[in-house]
Each structure stands twice: as C-alpha cells, then as structure tokens.
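Text of structure-v6.cif (mmCIF, C-alpha atoms) as supplied:
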```
data_start
loop_
_atom_site.label_atom_id
_atom_site.label_comp_id
_atom_site.auth_asym_id
_atom_site.auth_seq_id
_atom_site.Cartn_x
_atom_site.Cartn_y
_atom_site.Cartn_z
CA MET L 1 -27.41 2.76 9.74
CA GLU L 2 -23.95 1.57 8.66
CA ARG L 3 -21.85 -0.28 11.19
CA PRO L 4 -18.67 1.46 12.35
CA ILE L 5 -15.55 0.20 10.58
CA LYS L 6 -12.38 -0.84 12.39
CA ALA L 7 -9.29 1.02 11.20
CA ILE L 8 -7.45 -2.11 10.11
CA ILE L 9 -6.88 -4.16 6.97
CA LEU L 10 -6.20 -7.84 7.67
CA GLY L 11 -4.81 -10.86 5.91
CA CYS L 12 -6.20 -14.38 5.97
CA SER L 13 -4.51 -17.73 6.28
CA GLY L 14 -5.40 -19.72 3.18
CA LEU L 15 -7.39 -20.20 0.00
CA SER L 16 -10.73 -19.81 1.75
CA LEU L 17 -11.86 -18.23 5.00
CA THR L 18 -11.81 -20.37 8.10
CA SER L 19 -14.77 -20.34 10.48
CA GLU L 20 -12.68 -18.30 12.93
CA GLU L 21 -11.87 -15.73 10.25
CA VAL L 22 -15.52 -15.49 9.21
CA GLU L 23 -16.48 -14.85 12.83
CA LEU L 24 -13.74 -12.24 13.29
CA PHE L 25 -14.55 -10.33 10.10
CA HIS L 26 -18.27 -10.36 10.80
CA ARG L 27 -17.90 -9.29 14.42
CA GLU L 28 -15.18 -6.63 14.11
CA ASN L 29 -15.91 -5.26 10.60
CA PRO L 30 -12.31 -4.51 9.53
CA LEU L 31 -11.88 -1.96 6.75
CA GLY L 32 -10.46 -4.42 4.26
CA LEU L 33 -8.59 -7.59 3.34
CA ILE L 34 -5.11 -7.97 1.82
CA LEU L 35 -4.16 -11.06 -0.17
CA PHE L 36 -0.87 -12.90 -0.71
CA SER L 37 0.33 -15.89 -2.72
CA ARG L 38 -0.93 -18.20 0.05
CA ASN L 39 -4.46 -17.01 -0.75
CA ILE L 40 -4.34 -17.37 -4.52
CA GLN L 41 -4.81 -20.44 -6.70
CA THR L 42 -7.39 -19.99 -9.49
CA PRO L 43 -9.70 -17.19 -10.64
CA GLU L 44 -12.78 -19.06 -9.39
CA GLN L 45 -11.26 -19.73 -5.98
CA LEU L 46 -10.07 -16.15 -5.64
CA ARG L 47 -13.42 -14.68 -6.61
CA HIS L 48 -15.10 -16.86 -4.00
CA LEU L 49 -12.63 -15.67 -1.37
CA THR L 50 -13.19 -11.97 -2.06
CA ASP L 51 -16.97 -12.47 -2.20
CA SER L 52 -16.83 -14.33 1.12
CA PHE L 53 -14.99 -11.50 2.82
CA ARG L 54 -17.44 -8.87 1.61
CA LYS L 55 -20.33 -11.02 2.74
CA CYS L 56 -18.78 -11.17 6.22
CA VAL L 57 -18.50 -7.39 6.56
CA GLY L 58 -21.68 -6.59 4.66
CA ARG L 59 -20.05 -4.05 2.35
CA PRO L 60 -20.17 -4.93 -1.36
CA ASN L 61 -17.33 -2.55 -2.19
CA ALA L 62 -15.14 -3.25 0.85
CA PRO L 63 -11.45 -2.80 -0.01
CA VAL L 64 -9.60 -5.93 -1.07
CA LEU L 65 -5.92 -5.26 -1.65
CA VAL L 66 -2.98 -7.01 -3.26
CA ASP L 67 0.63 -6.22 -4.19
CA GLN L 68 0.56 -6.69 -7.95
CA GLU L 69 3.33 -4.53 -9.34
CA GLY L 70 5.07 -6.44 -12.11
CA GLY L 71 8.51 -7.97 -12.16
CA ARG L 72 9.22 -10.05 -9.08
CA VAL L 73 6.31 -8.65 -7.03
CA GLN L 74 3.28 -10.39 -8.49
CA ARG L 75 0.91 -12.36 -6.28
CA LEU L 76 -1.33 -13.39 -9.17
CA LYS L 77 0.74 -15.40 -11.63
CA ALA L 78 0.53 -17.19 -14.96
CA PRO L 79 -1.13 -19.14 -16.42
CA TYR L 80 -4.28 -17.43 -15.18
CA TRP L 81 -2.97 -13.87 -15.00
CA ASN L 82 -0.64 -11.55 -16.91
CA GLU L 83 3.09 -11.64 -16.21
CA LEU L 84 4.15 -7.99 -16.39
CA PRO L 85 7.51 -6.17 -16.47
CA SER L 86 9.03 -4.39 -13.50
CA CYS L 87 8.80 -0.63 -13.06
CA LYS L 88 12.52 -0.35 -13.76
CA THR L 89 11.91 -1.68 -17.27
CA TYR L 90 9.73 1.33 -18.06
CA GLY L 91 12.19 3.79 -16.57
CA GLU L 92 14.93 2.46 -18.82
CA LEU L 93 12.68 2.60 -21.90
CA PHE L 94 11.69 6.17 -21.01
CA ARG L 95 15.24 7.37 -21.68
CA THR L 96 15.01 6.50 -25.36
CA ASP L 97 11.31 6.50 -26.27
CA ARG L 98 8.96 8.54 -24.14
CA ASP L 99 5.83 8.01 -26.22
CA LYS L 100 6.29 4.25 -26.30
CA THR L 101 6.84 4.24 -22.51
CA VAL L 102 3.65 6.18 -21.85
CA GLN L 103 1.65 3.67 -23.89
CA ALA L 104 3.40 0.73 -22.21
CA VAL L 105 2.68 1.98 -18.68
CA GLN L 106 -0.95 2.61 -19.60
CA LYS L 107 -1.29 -0.92 -20.99
CA HIS L 108 0.40 -2.29 -17.87
CA ALA L 109 -2.19 -0.55 -15.69
CA GLU L 110 -5.06 -1.72 -17.89
CA ALA L 111 -3.84 -5.34 -17.66
CA LEU L 112 -3.59 -5.06 -13.88
CA ALA L 113 -7.10 -3.66 -13.65
CA GLN L 114 -8.57 -6.42 -15.80
CA ASP L 115 -6.84 -9.17 -13.85
CA LEU L 116 -7.69 -7.83 -10.41
CA LEU L 117 -11.21 -6.51 -10.89
CA ASN L 118 -12.32 -9.79 -12.47
CA VAL L 119 -11.58 -11.60 -9.20
CA GLY L 120 -12.97 -8.96 -6.86
CA ILE L 121 -9.75 -7.13 -5.98
CA ASN L 122 -10.35 -3.38 -6.14
CA PHE L 123 -7.10 -1.95 -4.70
CA ASP L 124 -3.55 -2.46 -5.94
CA CYS L 125 -0.56 -1.44 -3.81
CA TRP L 126 1.13 0.17 -6.82
CA PRO L 127 2.79 2.28 -8.15
CA CYS L 128 5.97 2.70 -6.12
CA LEU L 129 7.01 6.36 -6.19
CA ASP L 130 10.29 5.60 -4.46
CA ILE L 131 13.53 6.83 -6.01
CA GLU L 132 16.17 4.25 -6.92
CA THR L 133 19.52 4.85 -5.22
CA GLY L 134 22.85 3.06 -5.44
CA GLY L 135 22.77 1.67 -1.91
CA MET L 136 19.11 0.76 -1.68
CA THR L 137 18.04 -2.56 -0.19
CA ASP L 138 17.62 -5.56 -2.47
CA ALA L 139 14.00 -5.66 -1.30
CA MET L 140 13.36 -2.77 -3.71
CA PHE L 141 15.30 -4.19 -6.67
CA GLY L 142 13.49 -3.39 -9.92
CA ARG L 143 10.48 -1.86 -8.16
CA CYS L 144 11.35 1.82 -8.75
CA PHE L 145 10.79 3.51 -12.08
CA SER L 146 14.03 5.45 -12.00
CA ASP L 147 16.76 7.21 -10.05
CA ASN L 148 15.39 10.49 -11.43
CA SER L 149 12.57 12.06 -9.41
CA GLU L 150 10.96 13.74 -12.42
CA THR L 151 10.85 10.45 -14.30
CA VAL L 152 9.34 8.70 -11.27
CA LEU L 153 6.70 11.42 -11.00
CA THR L 154 5.87 11.32 -14.71
CA LEU L 155 5.51 7.54 -14.93
CA GLY L 156 3.84 7.31 -11.53
CA GLN L 157 1.23 9.86 -12.57
CA ILE L 158 0.57 7.96 -15.80
CA ALA L 159 0.12 4.75 -13.80
CA VAL L 160 -2.23 6.36 -11.27
CA ASP L 161 -4.37 7.98 -13.95
CA ALA L 162 -4.58 4.80 -16.01
CA LEU L 163 -5.55 2.66 -13.01
CA LEU L 164 -8.27 5.10 -11.99
CA LYS L 165 -9.61 5.26 -15.54
CA ALA L 166 -9.78 1.46 -15.62
CA GLY L 167 -11.66 1.37 -12.32
CA LEU L 168 -8.89 0.06 -10.05
CA ASN L 169 -7.79 2.01 -6.97
CA PRO L 170 -4.04 2.66 -6.75
CA ILE L 171 -2.11 2.87 -3.49
CA ILE L 172 1.05 4.94 -3.90
CA LYS L 173 3.98 3.85 -1.78
CA HIS L 174 6.10 4.15 0.34
CA ILE L 175 5.45 7.66 1.67
CA PRO L 176 7.57 9.76 2.12
CA GLY L 177 10.15 7.75 0.16
CA TYR L 178 11.91 4.45 0.66
CA GLY L 179 14.71 4.54 -1.91
CA ARG L 180 17.51 5.46 0.51
CA ALA L 181 16.76 2.58 2.87
CA THR L 182 19.75 0.22 2.83
CA VAL L 183 18.14 -2.62 4.80
CA ASP L 184 14.94 -4.61 4.32
CA PRO L 185 12.22 -3.52 6.80
CA HIS L 186 10.93 -7.08 6.88
CA LYS L 187 14.10 -7.84 8.86
CA HIS L 188 15.59 -4.57 10.12
CA LEU L 189 14.71 -0.92 10.82
CA PRO L 190 16.02 1.33 8.02
CA ILE L 191 17.55 4.65 9.07
CA VAL L 192 17.99 7.42 6.48
CA THR L 193 20.35 10.22 7.50
CA ALA L 194 20.14 12.41 4.38
CA ASP L 195 19.57 16.15 4.82
CA LEU L 196 16.00 17.39 4.57
CA SER L 197 16.85 19.66 1.65
CA LEU L 198 18.11 16.67 -0.35
CA LEU L 199 15.12 14.53 0.57
CA GLU L 200 12.71 17.26 -0.50
CA LYS L 201 14.40 17.57 -3.90
CA THR L 202 14.49 13.83 -4.53
CA ASP L 203 12.71 11.21 -2.41
CA PHE L 204 9.78 13.34 -1.25
CA TYR L 205 9.27 15.11 -4.59
CA PRO L 206 7.01 12.58 -6.42
CA PHE L 207 4.70 12.28 -3.43
CA GLN L 208 4.41 16.06 -3.20
CA LYS L 209 3.68 16.58 -6.89
CA ILE L 210 1.39 13.63 -7.69
CA ARG L 211 -2.04 14.92 -8.73
CA SER L 212 -4.71 12.86 -7.03
CA ASP L 213 -5.82 12.19 -3.48
CA VAL L 214 -5.60 8.42 -3.85
CA TRP L 215 -4.62 6.07 -1.05
CA GLY L 216 -1.03 6.03 0.15
CA MET L 217 1.12 3.66 2.20
CA SER L 218 3.63 4.84 4.80
CA SER L 219 7.20 3.60 5.12
CA HIS L 220 8.80 1.94 8.14
CA VAL L 221 11.86 4.18 7.86
CA ILE L 222 13.46 6.58 10.31
CA TYR L 223 14.32 9.90 8.65
CA THR L 224 16.68 11.57 11.08
CA ALA L 225 16.07 14.94 9.45
CA LEU L 226 12.48 14.75 10.72
CA ASP L 227 12.43 12.35 13.68
CA ARG L 228 15.46 10.57 15.13
CA ASP L 229 13.45 8.19 17.28
CA PHE L 230 10.49 6.84 15.33
CA PRO L 231 9.91 5.51 11.79
CA ALA L 232 7.40 7.38 9.65
CA THR L 233 4.56 4.95 10.41
CA LEU L 234 4.83 5.64 14.16
CA SER L 235 5.89 9.29 14.05
CA LYS L 236 3.40 12.08 14.62
CA THR L 237 6.06 14.47 13.35
CA VAL L 238 6.57 12.64 10.06
CA ILE L 239 2.86 12.01 9.45
CA SER L 240 2.19 15.71 10.10
CA TYR L 241 4.96 16.55 7.63
CA ILE L 242 3.39 14.19 5.06
CA ARG L 243 0.04 15.92 5.50
CA HIS L 244 1.14 19.55 5.66
CA GLN L 245 4.50 19.93 3.89
CA ILE L 246 4.25 17.16 1.31
CA GLY L 247 0.55 17.91 1.05
CA PHE L 248 -0.76 14.36 0.87
CA ASN L 249 -4.51 14.56 1.49
CA GLY L 250 -5.46 10.99 0.66
CA PHE L 251 -6.29 8.01 2.83
CA LEU L 252 -3.07 6.84 4.50
CA ILE L 253 -2.47 3.25 5.54
CA SER L 254 0.63 1.82 7.16
CA ASP L 255 2.87 -0.74 5.56
CA ASP L 256 2.54 -4.13 7.24
CA ILE L 257 2.98 -3.59 10.98
CA GLY L 258 4.12 -7.20 11.34
CA MET L 259 7.52 -6.35 9.83
CA ASP L 260 10.54 -6.64 12.11
CA ALA L 261 11.36 -2.96 11.50
CA LEU L 262 8.71 -2.13 14.11
CA SER L 263 9.28 -5.00 16.53
CA SER L 264 11.20 -2.91 19.09
CA PHE L 265 8.27 -0.51 19.51
CA GLY L 266 5.86 -2.92 21.19
CA ASN L 267 3.70 -5.94 20.44
CA HIS L 268 1.43 -5.95 17.38
CA SER L 269 -1.56 -4.56 19.27
CA GLU L 270 0.50 -1.72 20.72
CA ILE L 271 2.06 -0.93 17.35
CA ALA L 272 -1.37 -0.93 15.72
CA CYS L 273 -2.64 1.65 18.20
CA ARG L 274 0.50 3.77 17.92
CA THR L 275 0.13 3.78 14.15
CA ILE L 276 -3.34 5.31 14.41
CA GLN L 277 -2.21 7.73 17.12
CA ALA L 278 0.63 8.90 14.87
CA GLY L 279 -1.89 9.90 12.21
CA CYS L 280 -2.31 7.00 9.80
CA ASP L 281 -5.95 6.41 8.86
CA ALA L 282 -5.72 2.63 9.04
CA VAL L 283 -3.33 -0.18 9.93
CA LEU L 284 -2.21 -2.89 7.53
CA TYR L 285 -1.63 -6.20 9.31
CA CYS L 286 -0.81 -9.02 6.92
CA ASN L 287 -0.20 -11.86 9.39
CA GLY L 288 -2.65 -14.70 8.86
CA SER L 289 -2.51 -15.79 12.51
CA ILE L 290 -6.05 -15.71 13.85
CA GLU L 291 -4.97 -15.11 17.44
CA GLN L 292 -2.80 -12.12 16.55
CA MET L 293 -5.40 -10.72 14.17
CA ILE L 294 -8.03 -10.86 16.89
CA GLN L 295 -5.78 -9.06 19.36
CA ALA L 296 -4.76 -6.33 16.92
CA THR L 297 -8.29 -5.76 15.64
CA GLN L 298 -9.77 -5.49 19.10
CA ALA L 299 -7.07 -2.97 20.03
CA VAL L 300 -7.52 -0.51 17.17
CA PRO L 301 -10.28 2.13 17.13
CA TYR L 302 -12.98 2.59 14.55
CA LEU L 303 -12.27 4.89 11.62
CA SER L 304 -12.40 8.52 12.72
CA GLU L 305 -14.71 11.00 11.06
CA MET L 306 -11.75 12.59 9.30
CA SER L 307 -10.55 9.21 8.03
CA LEU L 308 -14.06 8.39 6.81
CA ASN L 309 -14.11 11.69 4.93
CA ARG L 310 -10.82 10.81 3.24
CA LEU L 311 -12.16 7.36 2.44
CA HIS L 312 -15.29 8.78 0.81
CA GLN L 313 -13.26 11.41 -1.04
CA ALA L 314 -11.10 8.70 -2.60
CA GLU L 315 -14.24 6.87 -3.75
CA LYS L 316 -15.27 9.94 -5.75
CA ILE L 317 -12.03 10.22 -7.74
CA LYS L 318 -12.69 7.55 -10.37
#
```
Represent the structure of the file as structure tokens.
Amino acid sequence: MERPIKAIILGCSGLSLTSEEVELFHRENPLGLILFSRNIQTPEQLRHLTDSFRKCVGRPNAPVLVDQEGGRVQRLKAPYWNELPSCKTYGELFRTDRDKTVQAVQKHAEALAQDLLNVGINFDCWPCLDIETGGMTDAMFGRCFSDNSETVLTLGQIAVDALLKAGLNPIIKHIPGYGRATVDPHKHLPIVTADLSLLEKTDFYPFQKIRSDVWGMSSHVIYTALDRDFPATLSKTVISYIRHQIGFNGFLISDDIGMDALSSFGNHSEIACRTIQAGCDAVLYCNGSIEQMIQATQAVPYLSEMSLNRLHQAEKIK
C-alpha cells in the first residue's frame, strides 16, 4: 500500500541533502522537490541530488521541479546546459515568420527536456501564459511571449505539446494571469483592478483555451473584479473561478508561499493551510530553512482524493 503524500513541494538548502532534510523527506513524504541555483553545480551532482530525494520518499517518479524558462530565468546554466532565449524573443519573431517561430519554440522545448530529464528533473515551471503589459513588474521582463493573447496561446500551446512529446511535464503559470501586476510579489502584494470583461478577453484567455490538463501554478495577485480581499492563491472565489469559468482541470500548485506578497495573511504554516483550503492541490514552499520546512509540512494535509485523481490524470497525458 502506497504511503499518503503530503500536499507540499519543498526546496532544499544546498548541493546535497542534509541529514535533517533526509529525515524530513522520509518521514513526511512531501509530493515533490523544487530546485534553485543554490542546488545546482554539475550534472553528476544534480543527478545524485534528485536520486537522493526520490530514495527518501520511495517514489521513483516523484516530481522534481525547476524554473528553466530561457532568458534570465535559467537555474541550469552553461557550460553544462543550454543557454536559451527568452519567451519574448519568440513572440517578436512570430510577427514576421510564424513557421520559423513554431520550429524554434519546439526546439527550445526539446533542449529543455534533454537538459532536465538527464539529471532527473521531470517538471519544468514553464511556459508562462501571462500577457505582457506596459506597466508590468520588472520581475516579468522578457518572460511573456507577447502582449497579444492569441499569440501567447499559440506559442504556449506549441511549448506545452513539445514538452509533453519530449517526456517533460510543463507547469503553466501564473493562473489566472500575472501580466497586469505592477509590483514584484517577492516583495509586495500585486493588486489588479481591471474589469472582469477585460481580463477575460486578455489575461485569462490563454489559460481558458490551452488544450491539456497539465499542471498549473497560481498567482499571488489580488484581482478586485473577483475578490477584493485575497490573492488568487488564498481565494476560494478565485480558485473556484479558475476551475469552473476558466475551466482549468489540471493539478494546481501555488506559487512560492514564502513570497512577501502573502506575508500579511499569516505565518508560513498558516498560509500553507489556507492555500489548500482555498482549493489549490498542493503548496509550493521554496525556502531551504529546515525549521520552517518542518513546520509547514507538518501543518498541511495529505493530498485529497480529488487531488490524487488530478495527479494521476496528468501522468496519463504524455
């Protein structure tokens, strides 16, 4: 009988697991592991790290995630791994040569899959389906395909399909759309005041039309048209809207709950629980602090039956 899985994806502190991390992962059985530059040095080291995590939880296909987009968001860097263009590069090329862009995005996805799968990483937090806007935060610079929702949908769908074909699981982000955020959620809570009709035609559109129940990542943004008090990650209203109006049926994880955007809503353990209560399937907590990881992991529940069904459904897509 399989052990129940905690509804949380954790980070780790360094290039290899500490004894405390090994104990935590083995005891609590978190859903997955997310990696950052602090965890990455060489292919051999990285493969050992991902193997070590899976040995701890006893699941050979346990999710191991990374943000490997291209442009300035690349955790795995040269000389061992491909340096790839930003999404914006493809959006600009798409205006003049659609066929060449399609091929370029497919090759981008194939290169990502080769780099990540070879070191035991089976989930990439990419592509961004956010819409570029004039006032958007610098945190999103270059990470959106375009300011045109149809272009974002087209290139995002190509990226998703190519990743799945290559055997790598995509995580589309940041649902329901992050392009109108004018501040960085790592530091502040973004508030978007646009009318719902405008959001549905632009920001929400790619997430509604994407064809595949892959994983998705929620945004730490207040959309006043839906909920004036809580950001999407913590809002039952917004998560319900994502499920029923946008129609996203995939496995939904939060963005990192350690961001300052959520700091006024409780401590990390409280925020983790509120994230699950709002309707996310799992919490993403990237802090490598063992004390805080223990507290957050002990606080969250195991994956619900519905979340497990979504998890298994996603495994059948490829």
### Query
Do you know which residues the PyMOL selection byres ((chain L and resi 215) around 6) returns on this file, as a list in words?
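Applying the PyMOL selection byres ((chain L and resi 215) around 6) to the structure shown produces Ile171, Val214, Gly216, Gly250, Phe251 and Leu252 of chain L.
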Would you give me, as CSV, each residue of region 228-268 of chain L having an atom within 8 Å of an atom of region 284-300 of chain L, along with its shortest atom pair and that distance in Å to one decimal, using only C-alpha atoms and sorting by chain and residue number?
```
residue,atom,partner,partner_atom,distance
L:Ile253,CA,L:Leu284,CA,6.5
L:Ser254,CA,L:Leu284,CA,5.5
L:Asp255,CA,L:Leu284,CA,5.9
L:Asp256,CA,L:Leu284,CA,4.9
L:Ile257,CA,L:Tyr285,CA,5.6
L:Gly258,CA,L:Tyr285,CA,6.2
L:His268,CA,L:Ala296,CA,6.2
```
### Task
Could you give me, as a list in words, the residues that have an atom at most 10 Å away from the point (13.4, 10.9, -1.0) in the coordinates of the file, using only C-alpha atoms?
Leu129, Asp130, Ile131, Glu132, Thr133, Ser149, Ile175, Pro176, Gly177, Tyr178, Gly179, Arg180, Ala181, Val192, Ala194, Asp195, Leu196, Ser197, Leu198, Leu199, Glu200, Lys201, Thr202, Asp203, Phe204, Tyr205, Pro206, Phe207 and Tyr223 of chain L
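Here CA of Asp67 (chain L) stands at a distance of 19.1 Å from CA of Asp260 (chain L).
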### Near-region 71-86 of chain L list (6 Å; all atoms listed in the file; drop same-chain fewer than 2 positions) as an MDAnalysis selection string
chainID L and resid 36:37 68:69 88:89 142
Which neighbours of Ala162 (chain L) fall inside 7 Å, counting all atoms listed in the file, when residues of the same chain fewer than 4 positions from it are skipped, and could you give them as a CSV table (one decimal) with C-alpha atoms, keeping the file's coordinate frame?
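Dumped to selection02.csv:
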```
chain,number,residue,atom,x,y,z
L,106,GLN,CA,-1.0,2.6,-19.6
L,109,ALA,CA,-2.2,-0.6,-15.7
L,110,GLU,CA,-5.1,-1.7,-17.9
L,158,ILE,CA,0.6,8.0,-15.8
L,166,ALA,CA,-9.8,1.5,-15.6
```
### Message
Calculated over all atoms listed in the file, which of the candidates L:Ile121, L:Ala282, L:Ile191, L:Leu65 has the smallest distance to Ser304 (chain L)?
### Response
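Using all atoms listed in the file, the shortest distance to Ser304 (chain L) belongs to L:Ala282.
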### Task
Can you work out which one of L:Val102, L:Gln157, L:Asp281, L:Thr50 has the shortest atom-to-atom distance to Arg243 (chain L), counting only C-alpha atoms?
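Ranked by minimum distance to Arg243 (chain L), first place goes to L:Asp281.
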### Task
Counting only C-alpha atoms, figure out which residue out of L:Glu23, L:Glu150, L:Asp213, L:Asp227 gets nearest to Arg310 (chain L).
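The closest residue to Arg310 (chain L) is L:Asp213.
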### Summary
Between CA of Ser240 (chain L) and CA of Gly11 (chain L) lies a distance of 27.8 Å
### Message
Neighbouring residues of Thr101 (chain L) were defined as those with any atom within 7 Å, considering only C-alpha atoms; residues of the same chain fewer than 5 positions away were excluded. Please report them as a PyMOL selection string.
### Response
chain L and resi 90+93-94
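Evaluating the PyMOL selection byres ((chain L and resi 127) around 8) against the shown model yields Glu69, Cys125, Trp126, Cys128, Leu129, Gly156, Ala159, Val160, Pro170, Ile171, Ile172 and Lys173 of chain L.
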#### Entry: Residues matched by the PyMOL selection byres ((chain L and resi 183-190) around 8) as a list in words
Met136, Thr137, Asp138, Ala139, Ala181, Thr182, Ile191, Val192, His220, Val221, Ile222, Met259, Asp260, Ala261 and Leu262 of chain L
Write the residues of the preceding selection, restricted to C-alpha atoms, as a compact mmCIF listing (two decimals), in the frame of the given file.
```txt
# COMPACT_ATOMS: atom_id res chain seq x y z
CA MET L 136 19.11 0.76 -1.68
CA THR L 137 18.04 -2.56 -0.19
CA ASP L 138 17.62 -5.56 -2.47
CA ALA L 139 14.00 -5.66 -1.30
CA ALA L 181 16.76 2.58 2.87
CA THR L 182 19.75 0.22 2.83
CA ILE L 191 17.55 4.65 9.07
CA VAL L 192 17.99 7.42 6.48
CA HIS L 220 8.80 1.94 8.14
CA VAL L 221 11.86 4.18 7.86
CA ILE L 222 13.46 6.58 10.31
CA MET L 259 7.52 -6.35 9.83
CA ASP L 260 10.54 -6.64 12.11
CA ALA L 261 11.36 -2.96 11.50
CA LEU L 262 8.71 -2.13 14.11
```
Model the absent atoms of region 19-28 of chain L so that all heavy atoms are present, and write the result as a PDB file, in the coordinates of the input.
```pdb
ATOM      1  N   SER L  19     -13.615 -20.749   9.673  1.00  0.00           N
ATOM      2  CA  SER L  19     -14.770 -20.340  10.480  1.00  0.00           C
ATOM      3  C   SER L  19     -14.383 -19.253  11.470  1.00  0.00           C
ATOM      4  O   SER L  19     -15.173 -18.339  11.749  1.00  0.00           O
ATOM      5  CB  SER L  19     -15.358 -21.550  11.210  1.00  0.00           C
ATOM      6  OG  SER L  19     -14.382 -22.159  12.054  1.00  0.00           O
ATOM      7  N   GLU L  20     -13.147 -19.322  11.994  1.00  0.00           N
ATOM      8  CA  GLU L  20     -12.680 -18.300  12.930  1.00  0.00           C
ATOM      9  C   GLU L  20     -12.524 -16.954  12.235  1.00  0.00           C
ATOM     10  O   GLU L  20     -12.845 -15.896  12.803  1.00  0.00           O
ATOM     11  CB  GLU L  20     -11.360 -18.717  13.568  1.00  0.00           C
ATOM     12  CG  GLU L  20     -11.456 -19.909  14.497  1.00  0.00           C
ATOM     13  CD  GLU L  20     -11.281 -21.232  13.747  1.00  0.00           C
ATOM     14  OE1 GLU L  20     -11.240 -21.209  12.496  1.00  0.00           O
ATOM     15  OE2 GLU L  20     -11.207 -22.271  14.420  1.00  0.00           O
ATOM     16  N   GLU L  21     -12.024 -16.970  11.007  1.00  0.00           N
ATOM     17  CA  GLU L  21     -11.870 -15.730  10.250  1.00  0.00           C
ATOM     18  C   GLU L  21     -13.223 -15.126   9.909  1.00  0.00           C
ATOM     19  O   GLU L  21     -13.426 -13.912  10.007  1.00  0.00           O
ATOM     20  CB  GLU L  21     -11.046 -15.988   8.984  1.00  0.00           C
ATOM     21  CG  GLU L  21      -9.575 -16.256   9.277  1.00  0.00           C
ATOM     22  CD  GLU L  21      -8.818 -16.828   8.095  1.00  0.00           C
ATOM     23  OE1 GLU L  21      -9.467 -17.252   7.101  1.00  0.00           O
ATOM     24  OE2 GLU L  21      -7.578 -16.860   8.157  1.00  0.00           O
ATOM     25  N   VAL L  22     -14.159 -15.970   9.506  1.00  0.00           N
ATOM     26  CA  VAL L  22     -15.520 -15.490   9.210  1.00  0.00           C
ATOM     27  C   VAL L  22     -16.106 -14.809  10.439  1.00  0.00           C
ATOM     28  O   VAL L  22     -16.692 -13.715  10.351  1.00  0.00           O
ATOM     29  CB  VAL L  22     -16.421 -16.663   8.763  1.00  0.00           C
ATOM     30  CG1 VAL L  22     -17.885 -16.224   8.729  1.00  0.00           C
ATOM     31  CG2 VAL L  22     -15.991 -17.165   7.388  1.00  0.00           C
ATOM     32  N   GLU L  23     -15.951 -15.420  11.589  1.00  0.00           N
ATOM     33  CA  GLU L  23     -16.480 -14.850  12.830  1.00  0.00           C
ATOM     34  C   GLU L  23     -15.810 -13.518  13.152  1.00  0.00           C
ATOM     35  O   GLU L  23     -16.489 -12.548  13.520  1.00  0.00           O
ATOM     36  CB  GLU L  23     -16.268 -15.828  13.984  1.00  0.00           C
ATOM     37  CG  GLU L  23     -16.827 -15.344  15.307  1.00  0.00           C
ATOM     38  CD  GLU L  23     -16.590 -16.327  16.436  1.00  0.00           C
ATOM     39  OE1 GLU L  23     -16.107 -17.450  16.170  1.00  0.00           O
ATOM     40  OE2 GLU L  23     -16.885 -15.970  17.600  1.00  0.00           O
ATOM     41  N   LEU L  24     -14.479 -13.475  13.015  1.00  0.00           N
ATOM     42  CA  LEU L  24     -13.740 -12.240  13.290  1.00  0.00           C
ATOM     43  C   LEU L  24     -14.171 -11.115  12.362  1.00  0.00           C
ATOM     44  O   LEU L  24     -14.467  -9.998  12.803  1.00  0.00           O
ATOM     45  CB  LEU L  24     -12.237 -12.487  13.150  1.00  0.00           C
ATOM     46  CG  LEU L  24     -11.332 -11.251  13.168  1.00  0.00           C
ATOM     47  CD1 LEU L  24     -11.407 -10.543  14.524  1.00  0.00           C
ATOM     48  CD2 LEU L  24      -9.894 -11.634  12.827  1.00  0.00           C
ATOM     49  N   PHE L  25     -14.215 -11.375  11.068  1.00  0.00           N
ATOM     50  CA  PHE L  25     -14.550 -10.330  10.100  1.00  0.00           C
ATOM     51  C   PHE L  25     -15.981  -9.832  10.296  1.00  0.00           C
ATOM     52  O   PHE L  25     -16.250  -8.635  10.187  1.00  0.00           O
ATOM     53  CB  PHE L  25     -14.363 -10.851   8.669  1.00  0.00           C
ATOM     54  CG  PHE L  25     -12.941 -11.223   8.322  1.00  0.00           C
ATOM     55  CD1 PHE L  25     -12.676 -12.144   7.327  1.00  0.00           C
ATOM     56  CD2 PHE L  25     -11.875 -10.655   8.995  1.00  0.00           C
ATOM     57  CE1 PHE L  25     -11.367 -12.496   6.987  1.00  0.00           C
ATOM     58  CE2 PHE L  25     -10.558 -10.996   8.673  1.00  0.00           C
ATOM     59  CZ  PHE L  25     -10.313 -11.915   7.673  1.00  0.00           C
ATOM     60  N   HIS L  26     -16.879 -10.757  10.593  1.00  0.00           N
ATOM     61  CA  HIS L  26     -18.270 -10.360  10.800  1.00  0.00           C
ATOM     62  C   HIS L  26     -18.423  -9.532  12.082  1.00  0.00           C
ATOM     63  O   HIS L  26     -19.129  -8.516  12.098  1.00  0.00           O
ATOM     64  CB  HIS L  26     -19.163 -11.592  10.866  1.00  0.00           C
ATOM     65  CG  HIS L  26     -20.598 -11.281  11.151  1.00  0.00           C
ATOM     66  ND1 HIS L  26     -21.434 -10.693  10.224  1.00  0.00           N
ATOM     67  CD2 HIS L  26     -21.351 -11.450  12.275  1.00  0.00           C
ATOM     68  CE1 HIS L  26     -22.625 -10.516  10.756  1.00  0.00           C
ATOM     69  NE2 HIS L  26     -22.599 -10.961  12.001  1.00  0.00           N
ATOM     70  N   ARG L  27     -17.757  -9.956  13.125  1.00  0.00           N
ATOM     71  CA  ARG L  27     -17.900  -9.290  14.420  1.00  0.00           C
ATOM     72  C   ARG L  27     -17.214  -7.916  14.455  1.00  0.00           C
ATOM     73  O   ARG L  27     -17.789  -6.926  14.915  1.00  0.00           O
ATOM     74  CB  ARG L  27     -17.330 -10.175  15.525  1.00  0.00           C
ATOM     75  CG  ARG L  27     -17.471  -9.582  16.935  1.00  0.00           C
ATOM     76  CD  ARG L  27     -16.877 -10.493  17.988  1.00  0.00           C
ATOM     77  NE  ARG L  27     -15.416 -10.555  17.915  1.00  0.00           N
ATOM     78  CZ  ARG L  27     -14.722 -11.634  17.560  1.00  0.00           C
ATOM     79  NH1 ARG L  27     -15.350 -12.752  17.240  1.00  0.00           N
ATOM     80  NH2 ARG L  27     -13.408 -11.609  17.525  1.00  0.00           N
ATOM     81  N   GLU L  28     -15.984  -7.839  13.947  1.00  0.00           N
ATOM     82  CA  GLU L  28     -15.180  -6.630  14.110  1.00  0.00           C
ATOM     83  C   GLU L  28     -15.300  -5.653  12.935  1.00  0.00           C
ATOM     84  O   GLU L  28     -14.964  -4.480  13.067  1.00  0.00           O
ATOM     85  CB  GLU L  28     -13.711  -7.006  14.321  1.00  0.00           C
ATOM     86  CG  GLU L  28     -13.450  -7.827  15.583  1.00  0.00           C
ATOM     87  CD  GLU L  28     -13.663  -7.031  16.846  1.00  0.00           C
ATOM     88  OE1 GLU L  28     -13.728  -5.787  16.787  1.00  0.00           O
ATOM     89  OE2 GLU L  28     -13.774  -7.654  17.926  1.00  0.00           O
TER      90      GLU L  28
END
```
